[in-house]
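Chemist: Following this line is coords_6.txt, made up of compact mmCIF, C-alpha atoms:
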```txt
# COMPACT_ATOMS: atom_id res chain seq x y z
CA MET A 196 -21.50 -5.82 8.34
CA GLU A 197 -18.93 -6.47 11.06
CA VAL A 198 -15.73 -8.37 10.25
CA ILE A 199 -12.51 -9.18 12.08
CA LEU A 200 -9.41 -8.12 10.18
CA ARG A 201 -6.90 -10.93 9.66
CA SER A 202 -4.27 -8.52 8.31
CA ASP A 203 -3.57 -4.81 8.47
CA VAL A 204 -5.68 -3.10 5.82
CA GLU A 205 -4.67 0.43 4.87
CA LYS A 206 -7.22 3.10 5.81
CA LEU A 207 -9.43 0.46 7.44
CA GLY A 208 -7.74 -1.01 10.50
CA LEU A 209 -5.16 -3.31 12.05
CA LYS A 210 -5.11 -7.06 12.37
CA GLY A 211 -7.50 -8.31 15.05
CA GLU A 212 -9.74 -5.25 15.02
CA VAL A 213 -13.49 -5.53 14.56
CA VAL A 214 -14.64 -3.09 11.88
CA ASP A 215 -17.97 -2.31 10.26
CA VAL A 216 -17.86 -2.38 6.44
CA LYS A 217 -20.30 -2.53 3.56
CA ARG A 218 -21.53 -6.05 2.85
CA GLY A 219 -20.41 -5.93 -0.79
CA TYR A 220 -16.90 -4.79 0.17
CA ALA A 221 -16.62 -7.66 2.63
CA ARG A 222 -17.96 -10.35 0.30
CA ASN A 223 -16.22 -9.19 -2.86
CA TYR A 224 -12.86 -8.10 -1.47
CA LEU A 225 -12.02 -8.73 2.19
CA LEU A 226 -13.36 -12.27 2.63
CA PRO A 227 -12.18 -13.79 -0.70
CA ARG A 228 -8.66 -12.42 -0.13
CA LYS A 229 -8.68 -13.74 3.45
CA LEU A 230 -8.05 -10.25 4.78
CA ALA A 231 -10.97 -10.60 7.18
CA GLU A 232 -13.43 -13.06 8.66
CA VAL A 233 -17.04 -12.69 9.75
CA ALA A 234 -17.25 -11.28 13.28
CA THR A 235 -19.17 -14.03 15.04
CA PRO A 236 -19.84 -13.55 18.78
CA GLY A 237 -17.53 -16.47 19.61
CA ARG A 238 -14.55 -15.09 17.65
CA VAL A 239 -15.04 -11.57 19.03
CA ALA A 240 -15.05 -12.94 22.59
CA GLU A 241 -11.89 -14.95 21.88
CA ILE A 242 -10.04 -11.90 20.52
CA ARG A 243 -11.06 -9.82 23.52
CA ARG A 244 -9.80 -12.54 25.87
CA ILE A 245 -6.41 -12.61 24.10
CA ASP A 246 -6.16 -8.81 24.21
CA GLU A 247 -6.95 -8.78 27.93
CA GLU A 248 -4.30 -11.42 28.58
CA ARG A 249 -1.66 -9.47 26.68
CA ALA A 250 -2.71 -6.19 28.31
CA ARG A 251 -1.47 -7.58 31.64
CA HIS A 252 2.04 -7.35 30.21
CA GLU A 253 1.80 -3.66 29.34
CA ALA A 254 3.65 -1.07 31.38
CA ARG A 255 1.45 0.40 34.10
CA SER A 256 4.01 2.77 35.60
CA ALA A 257 7.11 4.68 34.59
CA GLU A 258 9.23 2.17 36.52
CA GLN A 259 7.77 -0.78 34.64
CA ALA A 260 8.14 1.13 31.38
CA ALA A 261 11.82 1.73 32.04
CA GLY A 262 12.40 -2.00 32.50
CA ILE A 263 10.47 -2.85 29.33
CA ALA A 264 12.33 -0.16 27.38
CA ASP A 265 15.65 -1.60 28.55
CA THR A 266 14.62 -5.02 27.23
CA LEU A 267 13.44 -3.58 23.94
CA THR A 268 16.71 -1.76 23.29
CA LYS A 269 18.55 -5.09 23.66
CA THR A 270 16.13 -6.87 21.32
CA VAL A 271 16.90 -7.61 17.69
CA LEU A 272 13.91 -8.72 15.60
CA ARG A 273 14.48 -10.65 12.40
CA PHE A 274 12.05 -11.09 9.52
CA GLU A 275 12.83 -13.32 6.57
CA VAL A 276 10.75 -12.21 3.61
CA LYS A 277 10.52 -12.73 -0.13
CA ALA A 278 12.31 -9.92 -1.96
CA GLY A 279 13.20 -8.99 -5.53
CA PRO A 280 16.72 -8.53 -6.94
CA THR A 281 16.80 -4.85 -5.90
CA GLY A 282 15.71 -5.60 -2.34
CA ALA A 283 12.04 -4.61 -2.71
CA LEU A 284 9.72 -6.85 -0.69
CA PHE A 285 6.90 -8.90 -2.15
CA GLY A 286 4.70 -7.51 0.62
CA SER A 287 5.68 -5.48 3.68
CA VAL A 288 6.53 -5.58 7.38
CA THR A 289 3.85 -3.74 9.35
CA PRO A 290 3.43 -2.44 12.92
CA THR A 291 1.30 -5.52 13.60
CA ASP A 292 4.19 -7.77 12.55
CA ILE A 293 6.52 -5.90 14.93
CA ALA A 294 4.04 -6.13 17.83
CA GLU A 295 3.37 -9.84 17.29
CA GLU A 296 7.07 -10.67 17.04
CA LEU A 297 7.75 -8.78 20.28
CA TRP A 298 5.04 -10.79 21.96
CA ARG A 299 6.28 -14.09 20.50
CA THR A 300 9.93 -13.59 21.37
CA ARG A 301 9.80 -11.41 24.50
CA LYS A 302 6.25 -11.69 25.78
CA ILE A 303 6.12 -7.89 25.72
CA ARG A 304 2.77 -6.44 24.77
CA VAL A 305 3.02 -3.20 22.75
CA ASP A 306 0.06 -1.32 21.32
CA ARG A 307 0.54 -1.36 17.55
CA ARG A 308 -0.53 2.28 17.38
CA LYS A 309 2.47 3.16 19.55
CA ILE A 310 4.96 1.71 17.07
CA ASP A 311 6.30 4.61 15.02
CA LEU A 312 6.25 2.90 11.65
CA ASP A 313 4.16 2.99 8.50
CA VAL A 314 5.43 -0.11 6.69
CA ILE A 315 8.80 -1.52 5.68
CA LYS A 316 8.99 -2.32 1.97
CA ARG A 317 12.70 -3.08 1.54
CA ILE A 318 15.29 -5.35 3.05
CA GLY A 319 17.63 -3.61 5.45
CA ARG A 320 18.51 -2.73 9.02
CA PHE A 321 16.00 -0.56 10.86
CA SER A 322 15.55 1.05 14.27
CA ILE A 323 11.86 1.19 15.11
CA PRO A 324 10.76 3.68 17.80
CA VAL A 325 8.27 2.18 20.26
CA HIS A 326 6.39 4.40 22.71
CA VAL A 327 6.26 2.24 25.83
CA PHE A 328 4.79 4.73 28.26
CA GLU A 329 4.32 8.46 28.56
CA GLY A 330 7.80 9.94 28.19
CA VAL A 331 9.41 6.50 27.67
CA THR A 332 10.44 5.44 24.15
CA ALA A 333 12.75 2.63 23.04
CA GLU A 334 14.17 1.75 19.65
CA VAL A 335 13.94 -1.86 18.53
CA LYS A 336 16.59 -3.05 16.09
CA THR A 337 14.91 -4.88 13.23
CA LEU A 338 16.50 -6.87 10.44
CA VAL A 339 14.50 -7.52 7.28
CA VAL A 340 16.43 -10.08 5.30
CA PRO A 341 15.77 -11.86 2.01
CA GLU A 342 14.29 -15.31 2.41
CA GLY A 343 17.06 -17.90 2.72
CA GLY A 344 19.80 -15.27 2.62
CA GLU A 345 21.59 -12.60 4.61
CA LEU A 346 21.75 -8.83 4.49
CA PRO A 347 24.46 -7.33 2.29
CA PRO A 348 26.65 -4.44 3.56
CA GLU A 349 25.10 -0.98 3.87
CA GLU A 350 26.89 0.27 0.75
CA GLU A 351 25.35 -2.51 -1.33
CA LEU A 352 21.91 -1.88 0.18
CA ALA A 353 22.19 1.79 -0.75
CA ALA A 354 23.24 0.85 -4.30
CA LEU A 355 20.28 -1.54 -4.63
CA GLU A 356 17.86 1.13 -3.44
CA ALA A 357 19.34 3.68 -5.86
CA ALA A 358 19.04 1.17 -8.71
CA GLU A 359 15.40 0.52 -7.87
CA GLN A 360 14.68 4.25 -7.69
CA ALA A 361 16.37 4.84 -11.05
CA GLU A 362 14.38 1.98 -12.57
CA ALA A 363 11.14 3.41 -11.19
CA GLU A 364 11.97 6.89 -12.51
CA ALA A 365 12.81 5.45 -15.95
CA ALA A 366 9.53 3.52 -16.01
CA ALA A 367 7.61 6.66 -15.01
CA ALA A 368 9.34 8.69 -17.74
CA ALA A 369 8.59 6.01 -20.35
CA HIS A 370 4.97 5.94 -19.24
CA ALA A 371 4.73 9.73 -19.53
CA GLU A 372 6.29 9.65 -23.02
CA ALA A 373 3.84 6.94 -24.10
CA ILE A 374 0.90 9.03 -22.89
CA GLU A 375 2.28 12.12 -24.64
CA ALA A 376 2.77 10.17 -27.90
CA THR A 377 -0.76 8.77 -27.68
CA GLU A 378 -2.24 12.21 -27.09
CA ALA A 379 -0.25 13.65 -30.04
CA ALA A 380 -1.45 10.85 -32.33
CA LEU A 381 -5.05 11.41 -31.27
CA ALA A 382 -4.73 15.14 -31.90
CA GLU A 383 -3.27 14.47 -35.36
CA ASP A 384 -6.12 12.09 -36.19
CA LEU A 385 -8.66 14.70 -35.15
CA VAL A 386 -7.05 17.28 -37.43
CA GLU A 387 -7.05 14.86 -40.37
CA ASP A 388 -10.67 13.94 -39.76
CA SER A 389 -11.72 17.58 -39.68
CA LEU A 390 -9.89 18.27 -42.97
CA GLU A 391 -11.59 15.33 -44.65
CA GLU A 392 -14.99 16.55 -43.55
CA GLU A 393 -14.51 20.10 -45.01
CA PRO A 394 -14.55 20.21 -48.88
CA PHE A 395 -11.90 22.26 -50.65
CA ALA A 396 -12.92 25.37 -52.60
CA ASP A 397 -12.36 23.76 -56.05
CA GLU A 398 -14.54 20.86 -54.99
CA LEU A 399 -17.47 23.03 -53.99
CA PRO A 400 -20.50 22.52 -56.28
CA THR A 401 -21.19 25.40 -58.72
CA GLU A 402 -24.60 26.53 -59.92
CA ASP A 403 -25.34 25.94 -63.62
CA PRO A 404 -26.01 29.19 -65.61
CA PRO A 405 -29.63 29.74 -66.61
CA GLU A 406 -30.55 28.14 -69.93
CA THR A 407 -31.12 30.51 -72.92
CA SER A 408 -32.90 29.88 -76.20
CA GLY A 409 -30.10 31.44 -78.27
CA GLU A 410 -32.47 34.09 -79.76
CA PRO A 411 -32.05 37.77 -78.99
CA GLU A 412 -34.61 39.17 -76.68
CA SER A 413 -37.13 41.45 -78.32
CA VAL A 414 -37.30 45.00 -77.16
```
Take the structure in this file and express it as structure tokens.
Modeler:
Amino acid sequence: MEVILRSDVEKLGLKGEVVDVKRGYARNYLLPRKLAEVATPGRVAEIRRIDEERARHEARSAEQAAGIADTLTKTVLRFEVKAGPTGALFGSVTPTDIAEELWRTRKIRVDRRKIDLDVIKRIGRFSIPVHVFEGVTAEVKTLVVPEGGELPPEEELAALEAAEQAEAEAAAAAHAEAIEATEAALAEDLVEDSLEEEPFADELPTEDPPETSGEPESV
């Protein structure tokens, strides 16, 4: 079944791509979560038209690429996102987000696959390498700030990240201890069960001696 991705989906594709997936995966996961829509001929044609329009803004020569790279290095992207107290995002900033923001603010079309980024999962200041053309790369300054707030100084950002890492390590250690305790309890139960199933020596049944009449045997 063909669907159009409405968001980047890890190990499947990027937003706007038409991908072929199993029908059950689409109906039970992608469509209910609004991560994709059914690839009707009309929607596929519309997406291709948009891609062709944006492709006209791509660099077609080293000279064009140099001009685009110069613009990109002067660009500062800003994303306001929901974040927790330690700066971790409730979501992420993806290459698709970077590409769409460049198009929205600068009308520069960049292939998402040429943005050297996995995902951003924390607030902070980032420099994102963008491969504009063969041999031409520019770094785009990107600010990921908490919704309704501003970025703290670098020292505070580093402290927040260290606190989150310490919290994660503590949670992992507690989880490992819980598993170890559970396994030890199970092992102890197994030992107790095996002891209950095996009778002790003084509990073993004894055979009654043969009955005698009390009279001496005749020779």
Chemist: Restricting the calculation to only C-alpha atoms: of A:Ala240, A:Ala283, A:Ile263, A:Val214, which residue gets closest to Ala358 of chain A?
Modeler: A:Ala283
Chemist: Which residue out of A:Leu381, A:Thr300, A:Pro290, A:Glu275 has the minimum interatomic distance to Gly344 of chain A when all atoms listed in the file are used?
Modeler: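 Among the listed residues, the smallest separation from Gly344 of chain A belongs to A:Glu275.
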Chemist: Please indicate the distance in Å from atom CA of Ala257 of chain A to atom CA of Asp313 of chain A, rounded to one decimal place.
Modeler: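 These atoms are spaced 26.3 Å apart.
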Chemist: Determine, counting all atoms listed in the file, every residue of protein, DNA or RNA that lies within 12 Å of (17.5, 0.5, -0.7) in the file coordinates, then give the result as a count of residues only.
Modeler: 31
Chemist: List every protein, DNA or RNA residue that has an atom no more than 10 Å from (18.7, -6.6, 19.4) in the file's coordinate frame, counting all atoms listed in the file, and report them as number ranges by chain.
Modeler: A: 266-273, 322, 334-338
Chemist: Hey, which of A:Lys229, A:Arg304, A:Gly219, A:Ala373 ends up closest to Leu200 of chain A? Count all atoms listed in the file.
Modeler: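 Smallest separation from Leu200 of chain A among the options: A:Lys229.
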Chemist: From the list A:Gln259, A:Thr332, A:Ser389, A:Ser202, which residue is nearest Asp311 of chain A when using only C-alpha atoms?
Modeler: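 When distances to Asp311 of chain A are compared using only C-alpha atoms, the smallest one comes from A:Thr332.
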Chemist: Between atom CA of Leu225 of chain A and atom CA of Glu342 of chain A, what is the spacing in Å?
Modeler: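 Calculated distance between atom CA of Glu342 of chain A and atom CA of Leu225 of chain A is 27.1 Å.
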Chemist: In Å, rounded to a single decimal, give me how far atom CA of Arg307 of chain A is from atom CA of Val325 of chain A.
Modeler: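 If I compute the distance from atom CA of Val325 of chain A to atom CA of Arg307 of chain A, I get 8.9 Å.
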Chemist: With distances taken over all atoms listed in the file, which residue among A:Val288, A:Val331, A:Val213, A:Ala264 lies nearest Ile303 of chain A?
Modeler: A:Ala264
Chemist: Check the smallest atom-to-atom distance from each of A:Ala260, A:Ala366, A:Val340, A:Val233 to Met196 of chain A using only C-alpha atoms, then report the winner.
Modeler: A:Val233
Chemist: Env of Val305 of chain A: 8 Å cut, atoms = only C-alpha atoms, seq-sep filter 2 positions within chain, self excluded. Answer as a PDB file with C-alpha atoms, keeping the file's coordinate frame.
Modeler:
```
ATOM      1  CA  GLU A 253       1.800  -3.660  29.340  1.00  0.00           C
ATOM      2  CA  ALA A 294       4.040  -6.130  17.830  1.00  0.00           C
ATOM      3  CA  LEU A 297       7.750  -8.780  20.280  1.00  0.00           C
ATOM      4  CA  TRP A 298       5.040 -10.790  21.960  1.00  0.00           C
ATOM      5  CA  ILE A 303       6.120  -7.890  25.720  1.00  0.00           C
ATOM      6  CA  ARG A 307       0.540  -1.360  17.550  1.00  0.00           C
ATOM      7  CA  LYS A 309       2.470   3.160  19.550  1.00  0.00           C
ATOM      8  CA  ILE A 310       4.960   1.710  17.070  1.00  0.00           C
ATOM      9  CA  VAL A 325       8.270   2.180  20.260  1.00  0.00           C
ATOM     10  CA  VAL A 327       6.260   2.240  25.830  1.00  0.00           C
TER      11      VAL A 327
END
```
